[in-house]
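See below for the structure under consideration.
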Amino acid sequence: MAADRPVELLSSTSSLCPCCLRRIPAIREGQEDRVYLVKQCPEHGSFRTLIWRGPAQFSSWLRPKRPASPHRAFTGTEHGCPFDCGLCPAHGQHTCTALIEVTRRCNLRCPVCFADAGPAADQKDDPSLAQIAVFYDRILAASGPCNIQLSGGEPTVREDLAEIIALGRSKGFSFLQLNTNGLQLAADPQYAAALQRAGLASVFLQFDGLSSATHLALRGRDLMAVKEQALRHCQAAGLAVVLVPTLVPGINTHEVGAIIDYASRLAPTVRGVHFQPVSYFGRFPKAPADEDRLSLPEVLNLIEEQSGGAITAAHFAPPACEHALCSFHGNFLVQEDGRLVPLGGRQSCCSTGEPDAATPSALQGREKSVAFTARQWSLPMAATPCGCTGDTSAAAGDDLDRFLARARTHTFSLSAMAFQDVWNLDLERLQGCCIHVVSPDGRLIPFCAYNLTSSQGTPLYRGVGQP
């Protein structure tokens with residue numbers, strides 16, 4: 001083995017031509033702590049993109065995964081992945097989370113935005129309630145009940161958002177989450193309560209850091225006071241919150257530990273932090289160099305370093321449903337003094353276990369993953385709308401009693417998801433995606449394929465066929 005060379009996974013290129021996106025799998029000998037995806041195309045040449053960098057060993061992170069075709073496919077397999085998304089029968093994972101984009105409008109114009117949303121979008125292009133009802137029905141037909149995330153654009157620019165939430169609950173979806181920048185939640189003290197009464201369970205809150213410089217660089221405005229006000233209003237309304245930082249090298253990677261500390265102090269209202277290393281689709285300035293990339297092991301290393309070693313890479317595991325290179329997760333208990341104590345990683349339930357007589361194991365795993373996410377990212381039943389909990393002091397009982405009482409309310413998740421762009425797109429990963437966007441024509445498209453843009457910025461699916 002040549003110790004001075006990185007591992008390379010041979011694949012295809014950054015254009016959207018069919019030959020560039022066909023995957024030719026191979027692994028070359030080399031170092032385990034630096035892995036590149038190599039793409040070759042007779043027309044567009046050869047490209048190499050960093051996908052893994054850090055002390056965690058690449059081969060030891062990979063997990064076997066048992067494919068599970070969609071309950072119902074809406075497209076055939078005519079042109080090959082990723083050109084037949086709908087989902088097609090060759091897709092290898094059921095829907096765990098379905099995104100419905102309720103608007104293309106936004107009240108910010110962020111320098112970083114995978115949806116390339118903004119104020120210029122027209123309200124008349126928003127899907128109607130009747131269209132959204134069809135989207136809900138299509139999700140049910142494709143996968144049955146799953147977790148729903150209402151996204152955009154910025155969903156809170158719609159005046160009928162509470163009706164959209166209530167409609168989803170009436171269709172049988174028990175976990176609905178709002179993906180938002182928090183501006184409207186902060187502006188109106190009653191808004192969060194209205195969404196909670198309509199059936200909203202959780203808020204996926206854009207939260208990039210604690211410094212003015214971070215917000216100005218990524219969002220064009222200093223939004224820290226806005227985020228804090230939004231959190232206060234969610235707490236008062238009894239809405240759970242997950243903080244979602246977009247991590248950009250050189251901008252906010254030094255704030256990883258501070259974000260975790262801030263979030264854990266707000267438990268149980270804040271249920272966790274979900275880091276998203278920047279991906280280069282949508283609104284991006286140029287092709288990324290190696291220094292522009294932030295891989296999953298590097299995020300793990302940042303957590304370990306900035307927690308002073310209190311949280312280590314060993315506390316995290318590969319994902320339960322999607323491909324092992326897509327994400328990581330760790331589950332913790334927030335102690336009375338604010339410390340995070342690991343509870344152990346989840347088993348990769350979508351790829352292991354024996355089926356029972358009625359349900360294939362992959363489908364059992366999907367339903368376990370859906371239920372776990374909904375439970376962890378919702379407000380615990382034992383927590384009151386003000387965010388208070390029952391007595392967990394020494395007077396409340398012995399150590400086991402206190403631990404169990406605390407565990408009912410103060411579990412906390414740390415996770416990250418590395419989305420794919422045209423330079424690092426891996427069809428094996430894409431075919432295992434369990435997060436699907438409902439397109440305007442009612443197809444279900446894997447998240448990274450839906451947002452994929454070519455090296456010239458041309459979308460593969462987003463906006464195609466839209467008004």
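Here, A, B, ... name the chains of the structure tokens in the order displayed, residue numbers run from 1 inside each chain, and ligands are numbered from 1 in the same displayed order.
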
Per-residue DSSP, stretch 276-351 of chain A, filtered to strand (DSSP E), as a ChimeraX atom specification: /A:276-277,327-334,340-342

Can you write out the residues you just picked, keeping N, CA and C atoms, as a CSV table (one decimal), in the first residue's frame?
```
chain,number,residue,atom,x,y,z
A,276,GLN,N,-24.9,21.2,8.9
A,276,GLN,CA,-24.9,21.0,7.5
A,276,GLN,C,-23.7,21.6,6.8
A,277,PRO,N,-22.6,20.8,6.6
A,277,PRO,CA,-21.4,21.4,5.9
A,277,PRO,C,-21.9,21.9,4.5
A,327,SER,N,-24.2,11.1,6.6
A,327,SER,CA,-24.5,11.8,7.8
A,327,SER,C,-23.8,11.1,9.0
A,328,PHE,N,-24.0,11.7,10.2
A,328,PHE,CA,-23.7,11.0,11.4
A,328,PHE,C,-24.7,11.5,12.5
A,329,HIS,N,-24.8,10.7,13.6
A,329,HIS,CA,-25.7,11.1,14.7
A,329,HIS,C,-25.1,10.6,16.0
A,330,GLY,N,-25.4,11.4,17.0
A,330,GLY,CA,-25.1,10.9,18.4
A,330,GLY,C,-26.2,11.4,19.3
A,331,ASN,N,-26.5,10.6,20.3
A,331,ASN,CA,-27.6,10.9,21.3
A,331,ASN,C,-27.0,11.1,22.7
A,332,PHE,N,-27.5,12.1,23.4
A,332,PHE,CA,-26.9,12.6,24.6
A,332,PHE,C,-28.0,12.9,25.6
A,333,LEU,N,-27.6,13.0,26.9
A,333,LEU,CA,-28.4,13.5,28.0
A,333,LEU,C,-27.8,14.8,28.5
A,334,VAL,N,-28.7,15.8,28.6
A,334,VAL,CA,-28.2,17.1,29.1
A,334,VAL,C,-28.3,17.0,30.7
A,340,LEU,N,-23.1,17.3,28.5
A,340,LEU,CA,-23.7,16.3,27.6
A,340,LEU,C,-23.1,15.0,27.9
A,341,VAL,N,-23.9,14.0,28.3
A,341,VAL,CA,-23.5,12.6,28.6
A,341,VAL,C,-23.9,11.7,27.5
A,342,PRO,N,-23.0,11.0,26.8
A,342,PRO,CA,-23.5,10.2,25.7
A,342,PRO,C,-24.4,9.0,26.1
```

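Residues of stretch 251-304 of chain A assigned to helix (DSSP H, G or I) by DSSP on this structure's backbone: A:Thr253, A:His254, A:Glu255, A:Val256, A:Gly257, A:Ala258, A:Ile259, A:Ile260, A:Asp261, A:Tyr262, A:Ala263, A:Ser264, A:Arg265, A:Asp290, A:Glu291, A:Asp292, A:Leu296, A:Pro297, A:Glu298, A:Val299, A:Leu300, A:Asn301, A:Leu302, A:Ile303, A:Glu304.
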
Close residues, A:Arg197 itself excluded, 9 Å, only C-alpha atoms, min 3 positions apart in chain, as a CSV table (one decimal) with C-alpha atoms, in the first residue's frame:
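around-v9.csv was written with the following content:
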```
chain,number,residue,atom,x,y,z
A,162,ALA,CA,-51.3,27.1,9.8
A,166,ALA,CA,-53.6,21.4,9.8
A,192,ALA,CA,-45.6,30.2,17.1
A,193,ALA,CA,-48.6,29.4,19.3
A,194,ALA,CA,-50.9,29.5,16.2
A,200,LEU,CA,-46.8,21.8,14.1
A,237,ALA,CA,-45.7,28.1,22.6
```

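For A:Glu78, the non-local neighbours within 12 Å, defined as residues at least 6 positions apart in the same chain or in other chains and counting only C-alpha atoms, are Asp84, Cys85, Gly86, Cys88, Pro89 and Ala90 of chain A.
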
Output for the residues just chosen: C-alpha atoms as an mmCIF file, in the first residue's frame:
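Below is the file part21.cif, written as the result:
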```
data_model
loop_
_atom_site.group_PDB
_atom_site.id
_atom_site.type_symbol
_atom_site.label_atom_id
_atom_site.label_comp_id
_atom_site.auth_asym_id
_atom_site.auth_seq_id
_atom_site.Cartn_x
_atom_site.Cartn_y
_atom_site.Cartn_z
ATOM 1 C CA ASP A 84 -35.508 8.984 -13.828
ATOM 2 C CA CYS A 85 -36.218 10.303 -10.326
ATOM 3 C CA GLY A 86 -39.801 10.090 -9.289
ATOM 4 C CA CYS A 88 -38.059 5.039 -9.834
ATOM 5 C CA PRO A 89 -38.146 1.289 -9.046
ATOM 6 C CA ALA A 90 -34.329 1.193 -8.791
#
```

Long-range neighbours of A:Asn424 as a VMD selection string, 9 Å cut-off, only C-alpha atoms, 5 positions minimum in chain: chain A and resid 13 to 14 36 to 39 48 to 51

Residue contacts of A:Ser128 (12 Å, only C-alpha atoms) excluding same-chain residues fewer than 2 positions away, as an MDAnalysis selection string: chainID A and resid 101:103 123:126 130:135 158:161 163:164 440

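Excluding A:Asn107 itself and same-chain residues fewer than 2 positions from it, the residues having an atom within 12 Å of it are Thr103, Arg104, Arg105, Arg109, Cys110, Ala117, Gly118, Pro119, Ala120, Ala121, Gly152, Gly153, Glu154, Pro155, Thr156, Val157, Arg158, Thr180, Asn181, Gly182, Leu183, Gln184, Arg219, Gly220 and Arg221 of chain A, counting only C-alpha atoms.
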
Counting only C-alpha atoms, the residue of A:Ile100, A:Leu243, A:Ile435, A:Ala225 that sits nearest A:Gly168: A:Ile100

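In terms of minimum interatomic distance to A:Leu302, A:Gly257 ranks closest within A:Gly257, A:Pro189, A:Gly338, A:Pro127, counting only C-alpha atoms.
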
Closest of A:Thr75, A:Ser455, A:Gln40, A:Gln335 to A:Ala405 - atom-to-atom distances counting only C-alpha atoms: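 Using only C-alpha atoms, the shortest distance to A:Ala405 belongs to A:Gln335.
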
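Atom pair atom CA of A:Ser202 / atom CA of A:Ala320 has a distance of 20.8 Å (rounded to one decimal).
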